[in-house]
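Trainee: Enclosed is the structure file entry.txt (compact mmCIF, C-alpha atoms and all ligand atoms).
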```txt
# COMPACT_ATOMS: atom_id res chain seq x y z
CA MET A 1 130.77 -51.16 71.16
CA ARG A 2 134.52 -51.40 70.98
CA LEU A 3 136.62 -54.52 70.58
CA ASN A 4 137.55 -54.80 74.25
CA GLU A 5 133.89 -54.74 75.23
CA PHE A 6 133.47 -58.23 73.75
CA ALA A 7 134.14 -61.22 76.01
CA LEU A 8 136.29 -62.77 73.28
CA PHE A 9 138.73 -59.89 73.86
CA GLY A 10 138.68 -59.89 77.65
CA ALA A 11 135.40 -58.26 78.75
CA LYS A 12 132.89 -59.92 81.08
CA PRO A 13 130.40 -62.13 79.21
CA ALA A 14 127.17 -60.36 78.25
CA PHE A 15 125.13 -63.07 80.01
CA GLU A 16 125.93 -64.40 83.45
CA ARG A 17 123.97 -67.63 82.88
CA PRO A 18 124.39 -69.52 79.64
CA LEU A 19 121.52 -69.10 77.18
CA PRO A 20 120.73 -72.46 75.58
CA VAL A 21 119.34 -73.20 72.12
CA GLY A 22 116.93 -75.89 73.36
CA GLN A 23 113.54 -75.63 74.99
CA LEU A 24 114.50 -76.85 78.50
CA TYR A 25 111.17 -77.21 80.23
CA PHE A 26 111.10 -76.98 84.04
CA PRO A 27 107.68 -76.99 85.72
CA SER A 28 107.35 -75.38 89.17
CA TRP A 29 108.41 -77.46 92.21
CA GLU A 30 104.77 -77.65 93.30
CA ARG A 31 103.62 -79.13 90.03
CA TYR A 32 106.64 -81.41 89.89
CA GLU A 33 105.95 -82.69 93.43
CA ASN A 34 102.27 -83.18 92.67
CA ALA A 35 103.01 -85.13 89.53
CA PHE A 36 105.55 -87.39 91.24
CA ARG A 37 103.50 -87.99 94.41
CA GLY A 38 101.31 -90.52 92.59
CA ILE A 39 104.36 -92.40 91.34
CA PHE A 40 105.63 -92.69 94.92
CA GLU A 41 102.22 -93.66 96.31
CA ARG A 42 101.74 -96.35 93.69
CA GLN A 43 105.41 -97.36 94.01
CA TYR A 44 105.37 -98.01 90.31
CA TYR A 45 108.13 -96.59 88.14
CA THR A 46 107.82 -98.26 84.78
CA ASN A 47 106.25 -101.00 82.60
CA GLN A 48 103.46 -99.08 80.86
CA GLY A 49 102.08 -97.51 84.05
CA PRO A 50 99.01 -95.27 84.36
CA LEU A 51 100.89 -92.04 83.47
CA THR A 52 102.36 -93.55 80.32
CA GLU A 53 98.92 -94.87 79.34
CA LEU A 54 97.40 -91.44 79.99
CA LEU A 55 100.15 -89.70 78.02
CA GLU A 56 99.60 -91.99 75.04
CA ALA A 57 95.86 -91.31 75.10
CA GLU A 58 96.36 -87.54 75.41
CA LEU A 59 98.95 -87.44 72.64
CA ALA A 60 96.70 -89.43 70.31
CA GLY A 61 93.82 -87.07 71.12
CA PHE A 62 95.89 -83.92 70.67
CA LEU A 63 97.37 -85.04 67.36
CA GLY A 64 94.24 -86.75 66.07
CA VAL A 65 96.17 -89.94 65.38
CA ARG A 66 95.08 -93.55 66.05
CA HIS A 67 98.24 -94.67 67.84
CA ALA A 68 100.79 -92.74 69.87
CA ILE A 69 103.36 -95.22 71.18
CA CYS A 70 105.72 -93.74 73.74
CA VAL A 71 109.33 -94.87 73.82
CA THR A 72 112.59 -94.25 75.69
CA ASN A 73 113.83 -91.78 73.09
CA ALA A 74 113.34 -90.97 69.41
CA THR A 75 116.43 -92.86 68.28
CA ILE A 76 115.06 -96.11 69.75
CA GLY A 77 111.73 -95.20 68.13
CA LEU A 78 113.38 -94.83 64.71
CA MET A 79 115.16 -98.18 65.12
CA MET A 80 111.96 -99.94 66.19
CA THR A 81 109.99 -98.41 63.31
CA ALA A 82 112.49 -99.56 60.68
CA ASP A 83 112.21 -103.07 62.13
CA ALA A 84 108.42 -103.01 62.48
CA MET A 85 108.06 -101.90 58.84
CA GLY A 86 110.21 -104.88 57.83
CA LEU A 87 112.65 -102.69 55.89
CA LYS A 88 115.51 -104.36 54.06
CA GLY A 89 118.58 -103.16 52.21
CA LYS A 90 118.69 -99.39 51.85
CA VAL A 91 116.67 -96.37 53.01
CA ILE A 92 116.87 -92.92 51.43
CA LEU A 93 117.12 -89.94 53.78
CA PRO A 94 118.45 -86.37 53.60
CA ALA A 95 122.15 -85.79 54.29
CA PHE A 96 121.33 -82.64 56.28
CA THR A 97 119.90 -84.03 59.52
CA PHE A 98 120.93 -85.12 62.99
CA ILE A 99 123.24 -88.15 63.00
CA ALA A 100 120.63 -90.25 64.88
CA SER A 101 118.38 -90.34 61.77
CA ALA A 102 121.07 -92.38 59.99
CA GLN A 103 122.44 -94.20 63.05
CA ALA A 104 119.00 -95.68 63.72
CA LEU A 105 119.10 -97.22 60.23
CA THR A 106 122.59 -98.58 60.79
CA TRP A 107 121.46 -100.16 64.09
CA ALA A 108 118.54 -101.72 62.25
CA GLY A 109 120.98 -103.31 59.78
CA LEU A 110 120.06 -100.97 56.92
CA GLU A 111 122.23 -98.87 54.65
CA PRO A 112 121.45 -95.15 54.66
CA VAL A 113 121.38 -93.54 51.21
CA PHE A 114 122.04 -89.82 51.42
CA CYS A 115 120.03 -87.36 49.38
CA ASP A 116 120.99 -83.70 49.10
CA VAL A 117 118.54 -81.07 50.36
CA ASP A 118 116.84 -78.03 48.88
CA ILE A 119 118.95 -74.94 49.55
CA GLU A 120 115.94 -72.76 50.46
CA SER A 121 113.77 -75.09 52.54
CA HIS A 122 116.64 -77.22 53.98
CA HIS A 123 114.45 -80.30 53.43
CA ILE A 124 115.07 -83.34 51.22
CA ASP A 125 115.31 -82.36 47.53
CA ILE A 126 112.51 -84.34 45.93
CA ASN A 127 114.00 -83.93 42.45
CA ARG A 128 117.10 -85.89 43.46
CA ILE A 129 115.35 -88.93 44.92
CA ASP A 130 114.58 -90.72 41.65
CA ASP A 131 118.28 -91.13 40.78
CA LEU A 132 118.95 -92.79 44.14
CA ILE A 133 116.32 -95.49 43.80
CA ASP A 134 117.60 -98.94 42.87
CA GLY A 135 116.37 -102.48 43.54
CA LYS A 136 117.77 -102.43 47.07
CA VAL A 137 115.96 -99.32 48.32
CA SER A 138 113.04 -100.31 50.57
CA ALA A 139 111.81 -96.96 51.95
CA ILE A 140 112.14 -93.20 52.07
CA MET A 141 112.60 -91.43 55.39
CA GLY A 142 111.65 -87.76 55.29
CA VAL A 143 112.99 -85.51 58.04
CA ASN A 144 110.88 -82.57 59.15
CA LEU A 145 113.25 -79.84 60.28
CA TRP A 146 113.25 -76.64 62.31
CA GLY A 147 109.52 -76.64 63.12
CA GLY A 148 108.77 -77.02 59.42
CA ALA A 149 108.03 -79.93 57.11
CA CYS A 150 109.10 -81.56 53.86
CA ASP A 151 106.89 -81.10 50.82
CA ILE A 152 104.79 -83.97 52.16
CA SER A 153 102.26 -83.98 49.28
CA LEU A 154 104.90 -84.32 46.56
CA LEU A 155 106.96 -86.75 48.61
CA SER A 156 103.91 -88.98 49.24
CA GLU A 157 103.04 -88.90 45.56
CA LEU A 158 106.57 -89.89 44.58
CA ALA A 159 106.67 -92.70 47.17
CA THR A 160 103.37 -94.08 45.90
CA VAL A 161 104.50 -93.99 42.27
CA LYS A 162 107.74 -95.78 43.20
CA GLY A 163 105.94 -98.27 45.44
CA LEU A 164 108.08 -97.34 48.43
CA PRO A 165 106.81 -96.83 51.97
CA LEU A 166 107.43 -93.36 53.39
CA TYR A 167 107.95 -92.44 57.05
CA PHE A 168 109.28 -89.43 58.91
CA ASP A 169 111.78 -88.41 61.52
CA SER A 170 109.66 -85.62 63.03
CA ALA A 171 111.91 -84.97 66.03
CA HIS A 172 111.66 -81.20 65.44
CA ALA A 173 108.00 -81.08 64.57
CA PHE A 174 105.79 -81.84 67.56
CA GLY A 175 102.63 -79.73 67.40
CA CYS A 176 103.23 -78.50 63.84
CA GLU A 177 100.47 -78.70 61.25
CA TYR A 178 100.67 -79.39 57.53
CA GLU A 179 97.65 -78.14 55.56
CA GLY A 180 95.79 -77.93 58.86
CA ILE A 181 96.55 -81.52 59.90
CA HIS A 182 98.87 -82.28 62.80
CA LEU A 183 102.17 -83.86 61.93
CA GLY A 184 102.08 -87.42 63.26
CA ASN A 185 99.45 -88.38 60.67
CA PHE A 186 101.65 -88.64 57.58
CA GLY A 187 103.38 -91.57 55.92
CA PHE A 188 103.44 -94.98 57.61
CA ALA A 189 104.72 -93.48 60.84
CA GLU A 190 106.23 -90.36 62.33
CA ILE A 191 108.67 -90.30 65.20
CA PHE A 192 108.81 -87.38 67.64
CA SER A 193 111.57 -86.68 70.13
CA PHE A 194 110.81 -85.56 73.68
CA HIS A 195 114.45 -84.88 74.49
CA ALA A 196 115.00 -82.03 76.97
CA THR A 197 115.93 -79.66 74.14
CA LYS A 198 112.73 -80.28 72.15
CA ILE A 199 109.49 -78.33 72.60
CA LEU A 200 107.71 -81.26 74.24
CA SER A 201 109.99 -82.62 76.95
CA ALA A 202 110.01 -85.90 78.82
CA THR A 203 113.66 -85.11 79.78
CA GLU A 204 114.42 -88.05 77.48
CA GLY A 205 111.71 -89.68 75.47
CA GLY A 206 109.93 -90.05 72.20
CA CYS A 207 106.78 -91.24 70.53
CA ILE A 208 105.94 -93.17 67.38
CA CYS A 209 102.68 -92.10 65.76
CA THR A 210 100.83 -94.14 63.18
CA ASN A 211 97.33 -94.66 61.81
CA ASP A 212 98.20 -98.22 60.77
CA ASP A 213 96.81 -100.78 63.26
CA THR A 214 99.08 -103.61 62.11
CA LEU A 215 102.21 -101.48 62.39
CA ALA A 216 101.10 -100.27 65.83
CA ALA A 217 100.62 -103.85 67.07
CA ARG A 218 104.09 -104.77 65.85
CA LEU A 219 105.63 -101.69 67.46
CA ARG A 220 103.99 -102.45 70.83
CA ASN A 221 105.28 -106.00 70.69
CA ILE A 222 108.79 -104.89 69.78
CA ARG A 223 108.82 -102.31 72.59
CA SER A 224 108.27 -104.82 75.38
CA SER A 225 105.87 -107.38 76.79
CA TYR A 226 104.22 -104.63 78.86
CA GLY A 227 101.41 -102.87 77.09
CA ALA A 228 101.95 -105.10 74.07
CA GLY A 229 98.27 -105.88 73.68
CA GLU A 230 97.66 -108.83 71.34
CA PRO A 231 100.85 -110.81 70.81
CA VAL A 232 102.00 -110.63 67.17
CA ASP A 233 105.04 -112.09 65.45
CA VAL A 234 108.11 -109.85 65.47
CA VAL A 235 111.70 -110.66 64.55
CA ARG A 236 113.14 -109.25 67.76
CA THR A 237 112.21 -107.06 70.69
CA ALA A 238 113.88 -104.10 72.35
CA ASN A 239 113.50 -102.43 75.70
CA GLY A 240 112.04 -99.20 74.41
CA ARG A 241 109.71 -98.40 77.30
CA MET A 242 109.05 -94.93 78.64
CA SER A 243 109.17 -94.65 82.44
CA GLU A 244 106.46 -93.09 84.62
CA ALA A 245 108.89 -90.31 85.58
CA GLN A 246 109.35 -89.41 81.91
CA ALA A 247 105.61 -89.55 81.31
CA ALA A 248 104.91 -87.30 84.32
CA ILE A 249 107.16 -84.55 82.92
CA ALA A 250 105.77 -85.02 79.41
CA LEU A 251 102.17 -84.66 80.63
CA MET A 252 102.97 -81.28 82.19
CA SER A 253 104.91 -80.23 79.13
CA LEU A 254 101.98 -81.21 76.89
CA GLU A 255 99.60 -79.18 79.05
CA ASP A 256 101.94 -76.19 78.65
CA PHE A 257 102.56 -76.74 74.94
CA PRO A 258 100.26 -73.88 73.82
CA ILE A 259 102.06 -71.45 76.15
CA ASN A 260 105.52 -72.63 75.10
CA GLN A 261 104.59 -72.51 71.41
CA LYS A 262 103.20 -68.98 71.74
CA LYS A 263 106.27 -67.83 73.62
CA ASN A 264 108.57 -69.29 70.98
CA GLU A 265 106.55 -67.59 68.26
CA ILE A 266 106.91 -64.23 69.99
CA LEU A 267 110.67 -64.74 70.37
CA TYR A 268 110.93 -65.82 66.74
CA ARG A 269 109.05 -62.69 65.56
CA ARG A 270 111.36 -60.55 67.66
CA TYR A 271 114.44 -62.16 66.09
CA GLU A 272 112.84 -61.61 62.67
CA GLN A 273 112.33 -57.94 63.35
CA GLU A 274 115.81 -57.34 64.80
CA LEU A 275 117.77 -59.49 62.31
CA ASN A 276 116.10 -57.74 59.42
CA ALA A 277 118.28 -54.71 60.12
CA ILE A 278 121.56 -56.67 60.15
CA PRO A 279 123.30 -57.28 56.80
CA GLY A 280 124.30 -60.86 56.05
CA LEU A 281 122.12 -62.66 58.60
CA TYR A 282 119.12 -64.38 57.04
CA LEU A 283 116.49 -65.97 59.24
CA ILE A 284 115.04 -69.23 57.88
CA ALA A 285 111.24 -69.43 58.06
CA PRO A 286 109.73 -72.80 59.07
CA ALA A 287 109.14 -74.54 55.72
CA GLY A 288 105.84 -75.76 54.39
CA VAL A 289 103.72 -75.82 57.55
CA SER A 290 100.42 -74.08 58.28
CA PHE A 291 101.33 -73.96 62.00
CA SER A 292 104.82 -74.10 63.52
CA ASN A 293 106.14 -74.84 67.00
CA TYR A 294 109.03 -72.41 66.36
CA GLN A 295 111.35 -74.84 68.08
CA TYR A 296 114.46 -73.38 66.46
CA VAL A 297 115.76 -70.04 65.26
CA VAL A 298 117.97 -70.85 62.30
CA CYS A 299 119.97 -68.25 60.47
CA ARG A 300 122.21 -68.35 57.42
CA VAL A 301 125.37 -66.32 57.77
CA ASP A 302 126.61 -64.67 54.56
CA GLU A 303 130.23 -64.21 55.53
CA ASN A 304 130.94 -61.48 52.97
CA GLU A 305 127.95 -59.33 53.86
CA TYR A 306 128.12 -59.86 57.60
CA GLY A 307 131.89 -59.52 57.86
CA LEU A 308 132.56 -62.56 60.05
CA SER A 309 132.57 -66.24 59.23
CA ARG A 310 129.89 -68.42 60.81
CA ASP A 311 132.50 -70.16 62.98
CA LEU A 312 134.12 -66.95 64.20
CA LEU A 313 130.64 -65.64 65.05
CA ILE A 314 130.01 -68.83 67.07
CA ASP A 315 133.25 -68.32 69.04
CA LEU A 316 132.32 -64.70 69.66
CA LEU A 317 128.81 -65.53 70.92
CA LYS A 318 129.84 -68.54 73.00
CA SER A 319 132.28 -66.38 74.91
CA GLU A 320 129.30 -64.14 75.76
CA ASN A 321 127.50 -67.22 77.17
CA ILE A 322 125.18 -67.36 74.17
CA LEU A 323 125.34 -71.07 73.42
CA VAL A 324 124.64 -70.99 69.70
CA ARG A 325 124.95 -74.22 67.71
CA ARG A 326 125.85 -75.30 64.19
CA TYR A 327 123.50 -78.25 63.95
CA PHE A 328 124.22 -81.02 61.47
CA TYR A 329 127.78 -79.86 60.74
CA PRO A 330 129.44 -81.39 58.72
CA GLY A 331 126.48 -83.34 57.24
CA LEU A 332 125.89 -87.10 57.43
CA HIS A 333 128.08 -87.87 54.40
CA ARG A 334 131.08 -86.29 56.16
CA SER A 335 130.38 -87.83 59.59
CA VAL A 336 131.89 -90.97 61.11
CA PRO A 337 131.41 -93.77 60.13
CA TYR A 338 129.81 -92.79 56.82
CA VAL A 339 132.67 -90.60 55.62
CA TYR A 340 134.88 -93.75 55.58
CA LYS A 341 132.20 -96.21 54.55
CA PHE A 342 130.77 -94.25 51.62
CA PRO A 343 133.51 -91.97 50.22
CA GLU A 344 131.51 -91.76 46.96
CA TYR A 345 129.23 -89.10 48.50
CA GLN A 346 132.00 -86.50 48.84
CA GLY A 347 131.37 -83.68 46.40
CA CYS A 348 127.81 -84.85 45.62
CA MET A 349 126.01 -82.93 48.38
CA PRO A 350 126.65 -79.29 47.48
CA ASN A 351 123.61 -77.90 49.31
CA THR A 352 124.20 -79.91 52.48
CA ASP A 353 127.82 -78.70 52.39
CA LYS A 354 126.72 -75.07 51.96
CA LEU A 355 124.13 -75.21 54.72
CA SER A 356 126.29 -77.01 57.25
CA ALA A 357 129.00 -74.39 56.62
CA SER A 358 126.73 -71.35 56.98
CA CYS A 359 123.87 -72.09 59.42
CA ILE A 360 123.69 -71.09 63.04
CA GLN A 361 120.97 -71.71 65.66
CA PHE A 362 120.18 -69.03 68.21
CA PRO A 363 118.72 -69.44 71.71
CA ILE A 364 114.96 -69.85 72.00
CA GLY A 365 112.70 -71.65 74.47
CA ALA A 366 111.60 -71.41 78.08
CA LEU A 367 114.84 -69.95 79.46
CA VAL A 368 115.05 -67.10 76.93
CA SER A 369 113.25 -63.74 77.23
CA GLU A 370 112.38 -61.14 74.62
CA GLU A 371 114.84 -58.80 76.29
CA ASN A 372 117.55 -61.48 75.85
CA VAL A 373 116.74 -61.62 72.13
CA VAL A 374 117.14 -57.86 71.79
CA ARG A 375 120.50 -57.99 73.58
CA ILE A 376 121.70 -60.86 71.41
CA CYS A 377 120.72 -58.96 68.26
CA ASN A 378 122.39 -55.77 69.50
CA LEU A 379 125.60 -57.72 69.98
CA LEU A 380 125.21 -59.16 66.48
CA MET A 381 124.82 -55.66 65.05
CA HIS A 382 127.83 -54.30 66.94
CA ALA A 383 129.97 -57.26 65.90
CA HIS A 384 129.01 -56.57 62.29
CA GLN A 385 129.97 -52.91 62.63
CA ILE A 386 133.50 -53.68 63.81
CA SER A 387 133.87 -56.97 61.97
CA THR A 388 137.05 -55.90 60.17
CA GLU A 389 138.73 -55.17 63.48
CA ILE A 390 137.47 -58.42 65.04
CA ARG A 391 138.79 -60.40 62.11
CA SER A 392 142.22 -58.86 62.19
CA ARG A 393 142.60 -59.28 65.96
CA HIS A 394 141.37 -62.86 65.89
CA ALA A 395 143.61 -63.97 63.02
C1 LIG B 401 116.77 -84.89 68.57
C2 LIG B 401 116.73 -85.58 67.27
C3 LIG B 401 116.72 -86.98 67.14
C4 LIG B 401 116.96 -87.91 68.31
O1 LIG B 401 116.08 -87.77 69.34
P1 LIG B 401 116.39 -88.48 70.72
O2 LIG B 401 115.07 -88.43 71.43
O3 LIG B 401 117.45 -87.67 71.40
O4 LIG B 401 116.84 -89.87 70.45
C5 LIG B 401 116.56 -87.55 65.88
N1 LIG B 401 116.44 -86.79 64.79
C6 LIG B 401 116.49 -85.44 64.85
C7 LIG B 401 116.32 -84.64 63.58
C8 LIG B 401 116.67 -84.79 66.09
O5 LIG B 401 116.75 -83.46 66.14
```
Mind turning the file's structure into structure tokens?
Ligand SMILES: *Cc1c(COP(=O)(O)O)cnc(C)c1O

Mentor:
Amino acid sequence: MRLNEFALFGAKPAFERPLPVGQLYFPSWERYENAFRGIFERQYYTNQGPLTELLEAELAGFLGVRHAICVTNATIGLMMTADAMGLKGKVILPAFTFIASAQALTWAGLEPVFCDVDIESHHIDINRIDDLIDGKVSAIMGVNLWGGACDISLLSELATVKGLPLYFDSAHAFGCEYEGIHLGNFGFAEIFSFHATKILSATEGGCICTNDDTLAARLRNIRSSYGAGEPVDVVRTANGRMSEAQAAIALMSLEDFPINQKKNEILYRRYEQELNAIPGLYLIAPAGVSFSNYQYVVCRVDENEYGLSRDLLIDLLKSENILVRRYFYPGLHRSVPYVYKFPEYQGCMPNTDKLSASCIQFPIGALVSEENVVRICNLLMHAHQISTEIRSRHA
């Protein structure tokens, strides 16, 4: 390919329709209509209706967990969980995660304490946690990223030794297994996101999983008076309900999970095969899990070997309608409001800084085909081959 064959330099975009990074689940009209007919017949939209009840039972069965508590979205779920656990003061979490992980703590009146991550696995660096623990720290929040997981065994051991409760933001990890056990069963609680871009979609939605009956009772009471079960004392409540419309979509998406997982795995393997031939692009394998949902394709760009910076590559691909992302840029410690509130973190998160400067996420999910992956990778190869020219023209 020559320079003027790239959309960045005036050619037509390689893809007519934008290729997204997220899952974007759309069942057929027939199934959609079928699922919504009952809602219309019952004339019942929300307040822990039959579809939400069914979804909770099916999720608990699928994951093998005692309680699956569906909520409006994962961020609300994270806020409710912090409250239900009675956390006070500070909570340790990785600096390399989606802003909502920390914002949920701020909403719950807690101070996030940022921990740097492991450069290989992208997950919280267990060796750095000890130094962050002081008398005010009341919990550790692990974040399970990219269809992978933290080193849950070591993290649990550390939390036990330190006498701190552990819970997880598992927004990326629905359906993944750790040592053969479904995520959703670890720590005090795990929170999944069913946002439209995640592998299990309720369009918006989430679910708190726990095997702790007391915590579950508190969570149900915080969520709302509907479906609360036995009334228990809570400090405050929130409207965190999931609607019947959300549950209807999620039930179909759960039924199709094995197909969507398999498809993602095939796309991931194809990326793996194609990217292997391109210098400077390193695919990140899902960390630590015995089974992955392959929700994301994450790649590290080595600017010197590849020839283009990560950000120039993003501009190049976006102009081709390949909607790549640079998730978690610039890291929690450099994001508003924390960059102003906690200036002491600058310079202390070298791995988070490196990863947020070099990672890129490629399209995967229901709207992406294997043929699309091959075309994306061909473009990547051609861009590498004329990278010097691209750089000089773009300067
Ligand atoms: C998507 C996501 C969230 C938030 O989920 P919502 O359902 O959109 O509130 C939280 N944490 C991580 C790591 C995420 O990727």

Trainee: Neighbours of range 317-323 of chain A within 7 Å (all atoms listed in the file; same-chain residues fewer than 4 positions away dropped), as a PyMOL selection string?

Mentor: chain A and resi 7-8+13-15+17-21+313

Trainee: Give me, as an NGL selection string, all polymer residues having an atom no more than 7 Å from range 57-65 of chain A, counting all atoms listed in the file and skipping those fewer than 2 positions away in the same chain.

Mentor: :A and (53-55 or 67-68 or 182 or 184-185 or 209-211)

Trainee: Rank A:Ile314, A:Ala95, A:Leu355, A:Leu254 by their smallest atom-to-atom distance to ligand LIG 401 (chain B), using all atoms listed in the file, and report the top residue only.

Mentor: A:Ala95

Trainee: Could you please extract the residues within 8 Å of ligand LIG 401 (chain B), counting only C-alpha atoms and all ligand atoms, and hand them back as a list in words?

Mentor: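 Counting only what the definition allows, namely only C-alpha atoms and all ligand atoms, the set is Thr72, Asn73, Ala74, Thr75, Ile76, Gly77, Thr97, Phe98, Ile99, Ala100, Ser101, Val143, Asn144, Leu145, Asp169, Ser170, Ala171, His172, Phe192, Ser193, Phe194, His195, Thr197, Lys198, Glu204, Gly205 and Gly206 of chain A.
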
Trainee: Would you output that residue set with C-alpha atoms, as a CSV table (one decimal), in the coordinates of the input?

Mentor:
```
chain,number,residue,atom,x,y,z
A,72,THR,CA,112.6,-94.2,75.7
A,73,ASN,CA,113.8,-91.8,73.1
A,74,ALA,CA,113.3,-91.0,69.4
A,75,THR,CA,116.4,-92.9,68.3
A,76,ILE,CA,115.1,-96.1,69.8
A,77,GLY,CA,111.7,-95.2,68.1
A,97,THR,CA,119.9,-84.0,59.5
A,98,PHE,CA,120.9,-85.1,63.0
A,99,ILE,CA,123.2,-88.2,63.0
A,100,ALA,CA,120.6,-90.2,64.9
A,101,SER,CA,118.4,-90.3,61.8
A,143,VAL,CA,113.0,-85.5,58.0
A,144,ASN,CA,110.9,-82.6,59.2
A,145,LEU,CA,113.2,-79.8,60.3
A,169,ASP,CA,111.8,-88.4,61.5
A,170,SER,CA,109.7,-85.6,63.0
A,171,ALA,CA,111.9,-85.0,66.0
A,172,HIS,CA,111.7,-81.2,65.4
A,192,PHE,CA,108.8,-87.4,67.6
A,193,SER,CA,111.6,-86.7,70.1
A,194,PHE,CA,110.8,-85.6,73.7
A,195,HIS,CA,114.4,-84.9,74.5
A,197,THR,CA,115.9,-79.7,74.1
A,198,LYS,CA,112.7,-80.3,72.2
A,204,GLU,CA,114.4,-88.0,77.5
A,205,GLY,CA,111.7,-89.7,75.5
A,206,GLY,CA,109.9,-90.0,72.2
```

Trainee: Can you check which parts of range 278-338 of chain A lie within 8 Å of range 372-390 of chain A? Per residue, the shortest pair of atoms and distance in Å to one decimal, counting only C-alpha atoms, sorted by chain and number, as CSV.

Mentor:
```
residue,atom,partner,partner_atom,distance
A:Ile278,CA,A:Met381,CA,6.0
A:Pro279,CA,A:His384,CA,8.0
A:Tyr306,CA,A:His384,CA,5.8
A:Gly307,CA,A:Ser387,CA,5.2
A:Leu308,CA,A:Ser387,CA,6.1
A:Ile322,CA,A:Ile376,CA,7.9
```

Trainee: Would you please work out which residue, of A:Leu3, A:Ala149, A:Leu251, A:Ile208, is nearest to Ser290 in chain A when using only C-alpha atoms?

Mentor: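 Among A:Leu3, A:Ala149, A:Leu251, A:Ile208, it is A:Ala149 that comes nearest to Ser290 in chain A.
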
Trainee: Enter the distance from CA of Gln48 in chain A to CA of Ala228 in chain A, in Å, rounded to one decimal.

Mentor: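 According to the coordinates, CA of Gln48 in chain A and CA of Ala228 in chain A are separated by 9.2 Å.
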
Trainee: Report, as lines of an AutoDock Vina configuration file, the centre and edge lengths in Å (one decimal) of the axis-aligned box enclosing every listed atom of range 303-315 of chain A, padded by 8 Å on each side.

Mentor:
```
center_x = 131.0
center_y = -64.7
center_z = 61.0
size_x = 22.2
size_y = 26.8
size_z = 32.1
```

Trainee: Using only C-alpha atoms, pick whichever of A:Ala277, A:Val91, A:Leu267, A:Leu283 has the shortest atom-to-atom distance to Ser369 in chain A.

Mentor: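 Using only C-alpha atoms, Ser369 in chain A sits closest to A:Leu267.
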
Trainee: Show which residues sit within 10 Å of range 335-346 of chain A, as a VMD selection string. Count all atoms listed in the file, and ignore same-chain residues fewer than 2 positions away.

Mentor: chain A and resid 95 99 102 to 103 111 to 116 328 to 333 348 to 350 353

Trainee: Kindly indicate which residue among A:Leu166, A:Ile360, A:Ala366, A:Leu110 lies nearest to Val301 in chain A, using only C-alpha atoms for the distances.

Mentor: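 Between A:Leu166, A:Ile360, A:Ala366, A:Leu110, the residue approaching Val301 in chain A most closely is A:Ile360.
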
Trainee: Using all atoms listed in the file, which residue out of A:Asn293, A:Gly227, A:Ala287, A:Glu255 lies closest to Ile124 in chain A?

Mentor: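 Among the listed residues, A:Ala287 lies closest to Ile124 in chain A.
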
Trainee: May I ask for the distance between CA of Ile222 in chain A and CA of Glu190 in chain A, given in Å to one decimal place?

Mentor: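 According to the coordinates, CA of Ile222 in chain A and CA of Glu190 in chain A are separated by 16.5 Å.
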